[in-house]
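Here's the structure, in structure tokens; my notes come after.
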Amino acid sequence: MTTTTDPTDTADAPVSLEVVSEPAAEDLTPGKAVELVQRILMPRPADQLRVRSLYLDEVNSAERVKARDRFSAEVPAGSELSFATYFNAFPASYWRRWTVLKTIVLQVTVAGTCRIDVYRSKADGESMHVTGATHDGASERTLEFELDLMPFIDGGWYWFDVTTEDATTVRSAGWYAPQAPEQEPKLGIGICTYNRPVDAVAALTALVEDETVRDLLHLVTVADQGNNHVTDTPLYPAVAEALGDRLRIVEQPNLGGSGGFARTMFESFTNSDVTHHILLDDDIQLEPDSILRARAFASYTSKPMLVGGQMLALQDRSVLHSMGEIVDRSNFFWRNAPHTDYNHDFGRRSLRESPELHRRIDVDYNGWWMCLIPRTVFEEIGMPLPVFIKWDDAEYGLRAFAAGFATVSLPATAIWHLSWGDKDDASDWQAYFHIRNRLIAAALHSPYKHGGKLFPQMIKTDIRFLINLQYSTVELHQMAYRDFLAGPSELFAGMAGSVGRAREKRNTHADGRVLPSSADLPLPSMSTAEALRFRRIPVTPTQIGSTLVKAIANNVSSVDPEHKEVPQLNLAFQDARWFLLARLDSATVGTADGRGVTFRQRDPQAFRELSATSAQLLRRIYREWPQLQERYQAGAGELTSVERWGEAFRDWGSRQV
């Protein structure tokens with residue numbers, strides 16, 4: 001074996017350019033690898049070139065690598081193929097920080113005259129050669145390198161490159177732990193779905209098609225909350241046969257993500273001996289090895305912790321949309337964690353070309369598109385809040401941290417999910433849950449006596465929606481303010497009907513009703529050329545202030561009667577900016593998903609009344625904030641109690657299939 005790095009090396013030390021001596025042949029003989037923690041994956045046959053970049057860096061290959069299957073490939077002669085890619089490089093700094101491992105073992109089987117070279121990076125993205133070996137001839141040989149994890153405290157990855165003289169086969173490569181795990185997790189999977197039966201079954205199919213993943217599943221629970229059931233889809237019988245009695249389908253009323261995920265946690269941790277439970281959204285595309293990687297990481301952590309998968313963009317699959325998130329305590333709003341690279345496209349810049357991807361990122365929580373929760377954490381902090389959707393995952397991460405359990409968003413472990421830019425749930429019916437649940441989470445966890453900058457930001461947000469002619473969104477905000485003021489006692493009782501109330505409130509204004517197309521209305525009265533004067537983006541503080549004053553003045557002035565029936569402009573979703581809409585009487589605006597339009601119509605009376613009501617309600621919440629915090633913190637025990645959730649599930653009713 002070859003220990004390849006100096007334990008005294010740090011992220012700030014100069015890069016050594018010395019050539020590391022070649023290991024002796026006997027040192028490369030397999031024997032150190034004990035537990036596989038990350039398989040080297042090949043792209044799928046249908047993957048586009050940009051998506052292949054998540055698995056292979058083929059820039060210096062003579063021609064495209066031919067993948068035989070997910071775990072073996074033929075590399076053409078005269079190629080230099082790098083595995084410095086998102087799914088195949090090893091995130092050494094995360095294993096160094098959070099697990100008991102001191103070394104990691106790379107094992108790779110090759111046939112053909114070739115060279116294997118191992119590289120590592122530092123936290124600043126600078127890379128260096130570590131070690132390598134040459135294989136001569138067509139006979140098959142398995143090479144093994146033991147690599148030190150000590151220099152990775154602040155960041156860095158390991159990877160390997162293959163340089164070929166002859167056509168070479170690479171197969172069964174992987175990163176191995178040199179010691180047995182601290183524990184052998186009994187793994188549960190929980191999927192929450194609402195009228196997405198095909199998507200949910202696709203996720204189940206991905207789990208069972210990979211034999212290694214399927215064999216490690218102890219229990220799979222689907223909380224089916226719609227009226228289009230998972231069991232009615234054509235592919236369900238095959239999934240049911242593959243999982244047998246390890247599959248549990250629970251049909252229950254629509255309780256949102258928090259109620260659905262809570263049900264799967266309840267089944268795993270109270271009705272089975274599952275030790276680790278992974279939550280998965282239904283509308284994802286799954287890389288099955290991510291399940292194994294999260295499980296492996298959890299089995300080696302020095303202390304129990306939540307292990308989250310990162311998010312790749314479903315509609316632009318080479319893009320890493322979310323690396324990790326925190327809750328900014330100053331205004332109590334989620335945001336990407338410091339030093340993250342938002343929307344990084346591996347199809348444009350590889351891992352080696354992206355120094356910003358090499359620093360270790362610390363997070364407050366991980367979204368429940370994919371998140372592993374240990375039984376130990378569940379037994380200590382309980383169930384999610386009964387809040388239907390939004391903030392349940394963030395609040396759970398904050399609560400876990402307060403109890404001494406950290407969260408990691410683990411690179412090389414991910415699913416594909418619809419990105420934030422492809423939807424606009426902050427202004428549709430979900431706006432109610434965004435605001436109410438943010439206030440609840442802040443009441444439970446904000447360190448500030450009056451919420452810090454939370455309330456000034458909320459009044460600014462309401463003004464922005466009002467001058468954007470989105471009165472229904474502000475109505476939803478005000479419903480959230482009132483329900484928050486009512487306290488925690490009605491959260492369980494109101495959970496099942498909350499979405500109906502939110503949708504009903506959304507329909508109280510024209511901007512909340514979606515039309516199939518702007519063609520359903522008369523042609524706009526304003527020409528494109530005439531609208532140019534409104535499209536100039538204010539950039540300086542003076543321009544922004546002047547535009548805002550004019551916008552507010554326009555919003556309290558009378559409306560041209562003609563514009564109540566005829567829109568002035570037809571706007572694409574991305575063009576619906578405040579400085580433009582604030583100076584119009586009406587416009588159609590495309591929805592974020594591209595499925596329709598809303599007809600926004602300026603209403604001076606609604607502007608006056610809603611702005612005044614928001615100010616009054618937010619002033620009251622600010623004034624009563626210390627008392628509200630006391631009420632919610634006193635009620636948190638019951639809200640997250642396993643026994644209380646069990647009673648609620650019985651009251652709501654369900655059917656196990």
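Naming scheme: A, B, ... for chains in displayed order of the structure tokens; residues 1 onward per chain; ligands 1 onward as shown.
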
DSSP-assigned strand (DSSP E) among region 50-105 of chain A, expressed as a PyMOL selection string | chain A and resi 57-60+66-69+72-75+80-82+103-105

Sel. of alpha helix (DSSP H) residues, region 382-533 of chain A, as a ChimeraX atom specification | /A:392-402,431-445,454-467,471-485,491-506,528-531

Shortest interatomic distance to Ser258 (chain A) - which of A:Leu491, A:Arg44, A:Thr212, A:Phe465, counting only C-alpha atoms =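 Distance minimum relative to Ser258 (chain A) lands on A:Leu491.
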
Selection near Phe607 (chain A), 9 Å with only C-alpha atoms, sequence-local residues under 3 positions removed, as a ChimeraX atom specification | /A:463,466-467,469,471,555-556,602-604,610-612

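Residues within 12 Å of Lys303 (chain A), counting only C-alpha atoms and excluding same-chain residues fewer than 5 positions away, are Arg97, Trp98, Thr99, Val100, Glu182, Gln183, Phe297, Ala298, Pro374, Thr376, Val377, Gly404, Phe405, Ala406 and Thr407 of chain A.
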
Selection: 9 Å around Ile440 (chain A), only C-alpha atoms, excl. self and same-chain fewer than 3 positions, as number ranges by chain = A: 391, 435-437, 443-445, 484, 488, 629, 632

May I have the selected residues written with C-alpha atoms, as a PDB file, in the first residue's frame?
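The resulting again-v4.pdb:
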ATOM      1  CA  TRP A 391     -39.991  24.814   6.234  1.00  0.00           C
ATOM      2  CA  ILE A 435     -45.039  32.826   5.301  1.00  0.00           C
ATOM      3  CA  ARG A 436     -46.875  31.057   8.121  1.00  0.00           C
ATOM      4  CA  ASN A 437     -44.284  28.322   8.480  1.00  0.00           C
ATOM      5  CA  ALA A 443     -40.585  31.698  16.678  1.00  0.00           C
ATOM      6  CA  LEU A 444     -38.961  28.393  17.575  1.00  0.00           C
ATOM      7  CA  HIS A 445     -35.371  29.189  16.590  1.00  0.00           C
ATOM      8  CA  PHE A 484     -49.721  32.483  13.147  1.00  0.00           C
ATOM      9  CA  PRO A 488     -49.937  26.465  17.719  1.00  0.00           C
ATOM     10  CA  GLN A 629     -42.191  32.729  20.869  1.00  0.00           C
ATOM     11  CA  TYR A 632     -44.794  28.153  20.157  1.00  0.00           C
TER      12      TYR A 632
END

Pick out the residues sitting within 12 Å of region 347-355 of chain A, and hand them over as an MDAnalysis selection string; count only C-alpha atoms, and ignore anything fewer than 4 positions along from it in its own chain.
-> chainID A and resid 48:59 82:91 119:128 155:161 316:320 339:341 343 359:360 411:412

C-alpha atoms of the current selection, written as an mmCIF file, in the first residue's frame:
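For reference, part.cif as written:
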data_model
loop_
_atom_site.group_PDB
_atom_site.id
_atom_site.type_symbol
_atom_site.label_atom_id
_atom_site.label_comp_id
_atom_site.auth_asym_id
_atom_site.auth_seq_id
_atom_site.Cartn_x
_atom_site.Cartn_y
_atom_site.Cartn_z
ATOM 1 C CA GLN A 48 -26.390 13.449 -23.552
ATOM 2 C CA LEU A 49 -22.768 14.568 -23.803
ATOM 3 C CA ARG A 50 -23.298 17.236 -21.124
ATOM 4 C CA VAL A 51 -24.857 14.679 -18.768
ATOM 5 C CA ARG A 52 -21.949 12.280 -19.424
ATOM 6 C CA SER A 53 -19.751 14.998 -17.918
ATOM 7 C CA LEU A 54 -21.164 14.065 -14.494
ATOM 8 C CA TYR A 55 -19.455 10.679 -14.873
ATOM 9 C CA LEU A 56 -16.560 11.027 -17.334
ATOM 10 C CA ASP A 57 -14.191 13.812 -18.341
ATOM 11 C CA GLU A 58 -13.485 12.820 -21.951
ATOM 12 C CA VAL A 59 -11.791 16.023 -23.114
ATOM 13 C CA SER A 82 -10.344 11.455 -16.156
ATOM 14 C CA PHE A 83 -12.737 10.438 -13.399
ATOM 15 C CA ALA A 84 -12.486 13.905 -11.836
ATOM 16 C CA THR A 85 -16.243 14.189 -12.152
ATOM 17 C CA TYR A 86 -19.170 14.879 -9.847
ATOM 18 C CA PHE A 87 -20.318 11.290 -9.407
ATOM 19 C CA ASN A 88 -16.914 9.577 -9.544
ATOM 20 C CA ALA A 89 -14.436 11.758 -7.675
ATOM 21 C CA PHE A 90 -14.293 11.078 -3.944
ATOM 22 C CA PRO A 91 -15.303 13.997 -1.632
ATOM 23 C CA TYR A 119 -4.720 13.030 -8.014
ATOM 24 C CA ARG A 120 -6.048 15.102 -5.186
ATOM 25 C CA SER A 121 -7.161 18.699 -4.802
ATOM 26 C CA LYS A 122 -6.920 21.215 -1.987
ATOM 27 C CA ALA A 123 -9.626 23.479 -0.618
ATOM 28 C CA ASP A 124 -8.682 26.206 -3.106
ATOM 29 C CA GLY A 125 -9.060 23.804 -6.050
ATOM 30 C CA GLU A 126 -5.352 23.437 -6.730
ATOM 31 C CA SER A 127 -4.562 19.850 -7.717
ATOM 32 C CA MET A 128 -1.517 17.634 -7.367
ATOM 33 C CA GLY A 155 -11.714 20.743 1.377
ATOM 34 C CA GLY A 156 -10.522 18.636 -1.536
ATOM 35 C CA TRP A 157 -11.313 15.561 -3.610
ATOM 36 C CA TYR A 158 -9.511 12.420 -4.788
ATOM 37 C CA TRP A 159 -9.854 11.110 -8.334
ATOM 38 C CA PHE A 160 -7.950 9.017 -10.859
ATOM 39 C CA ASP A 161 -7.114 9.262 -14.554
ATOM 40 C CA ASP A 316 -30.881 20.800 -17.229
ATOM 41 C CA ARG A 317 -29.306 17.636 -15.941
ATOM 42 C CA SER A 318 -25.618 18.626 -16.033
ATOM 43 C CA VAL A 319 -26.320 21.505 -13.618
ATOM 44 C CA LEU A 320 -25.696 21.228 -9.880
ATOM 45 C CA HIS A 339 -18.843 29.433 -0.603
ATOM 46 C CA THR A 340 -21.363 27.457 -2.677
ATOM 47 C CA ASP A 341 -21.517 27.707 -6.447
ATOM 48 C CA ASN A 343 -26.282 26.433 -10.649
ATOM 49 C CA ARG A 359 -13.990 23.726 -0.418
ATOM 50 C CA ARG A 360 -15.999 21.819 2.186
ATOM 51 C CA PRO A 411 -21.224 15.847 -2.739
ATOM 52 C CA ALA A 412 -21.312 12.960 -5.230
#

Selection near region 73-77 of chain A, 10 Å with only C-alpha atoms, sequence-local residues under 6 positions removed, as a ChimeraX atom specification = /A:41-43,58,61-67,110-114,162-172

Take the residues that were just selected and, keeping C-alpha atoms, output them as an mmCIF file, in the first residue's frame.
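Saved as part15.cif:
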data_model
loop_
_atom_site.group_PDB
_atom_site.id
_atom_site.type_symbol
_atom_site.label_atom_id
_atom_site.label_comp_id
_atom_site.auth_asym_id
_atom_site.auth_seq_id
_atom_site.Cartn_x
_atom_site.Cartn_y
_atom_site.Cartn_z
ATOM 1 C CA LEU A 41 -20.370 4.816 -12.357
ATOM 2 C CA MET A 42 -20.567 4.955 -16.125
ATOM 3 C CA PRO A 43 -23.163 7.066 -17.971
ATOM 4 C CA GLU A 58 -13.485 12.820 -21.951
ATOM 5 C CA SER A 61 -10.018 10.981 -25.183
ATOM 6 C CA ALA A 62 -9.331 9.921 -28.752
ATOM 7 C CA GLU A 63 -13.011 9.069 -29.104
ATOM 8 C CA ARG A 64 -15.980 8.543 -26.848
ATOM 9 C CA VAL A 65 -15.664 5.937 -24.134
ATOM 10 C CA LYS A 66 -18.020 3.010 -24.665
ATOM 11 C CA ALA A 67 -19.880 2.066 -21.513
ATOM 12 C CA VAL A 110 -8.095 -2.888 -15.817
ATOM 13 C CA ALA A 111 -7.240 -4.950 -18.886
ATOM 14 C CA GLY A 112 -5.004 -3.397 -21.573
ATOM 15 C CA THR A 113 -1.774 -1.419 -21.593
ATOM 16 C CA CYS A 114 -2.549 1.668 -19.573
ATOM 17 C CA VAL A 162 -6.611 6.469 -17.077
ATOM 18 C CA THR A 163 -4.067 6.938 -19.895
ATOM 19 C CA THR A 164 -4.154 4.208 -22.549
ATOM 20 C CA GLU A 165 -1.744 2.928 -25.164
ATOM 21 C CA ASP A 166 -3.996 0.090 -26.255
ATOM 22 C CA ALA A 167 -7.749 -0.192 -25.955
ATOM 23 C CA THR A 168 -8.385 -0.738 -22.243
ATOM 24 C CA THR A 169 -11.275 -2.050 -20.200
ATOM 25 C CA VAL A 170 -11.973 -0.416 -16.850
ATOM 26 C CA ARG A 171 -14.433 -2.183 -14.578
ATOM 27 C CA SER A 172 -15.559 -2.662 -10.993
#

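One distance worth recording is that between CA of Phe266 (chain A) and CA of Ile191 (chain A), which is 12.5 Å.
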
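For the set A:Asp283, A:Glu609, A:Asp69, A:Asp651, the residue with the smallest atom-to-atom gap to Ile40 (chain A) is A:Asp69, counting only C-alpha atoms.
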
CA of Ser446 (chain A) and CA of Ser330 (chain A), how far apart in Å?
->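 Result for CA of Ser330 (chain A) versus CA of Ser446 (chain A): 8.3 Å, one decimal.
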
Residue nearest Asp273 (chain A) - candidates A:His218, A:Pro253, A:Ile459, A:Asp393, atoms counted: only C-alpha atoms =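 So, comparing all the options, the nearest one is A:His218.
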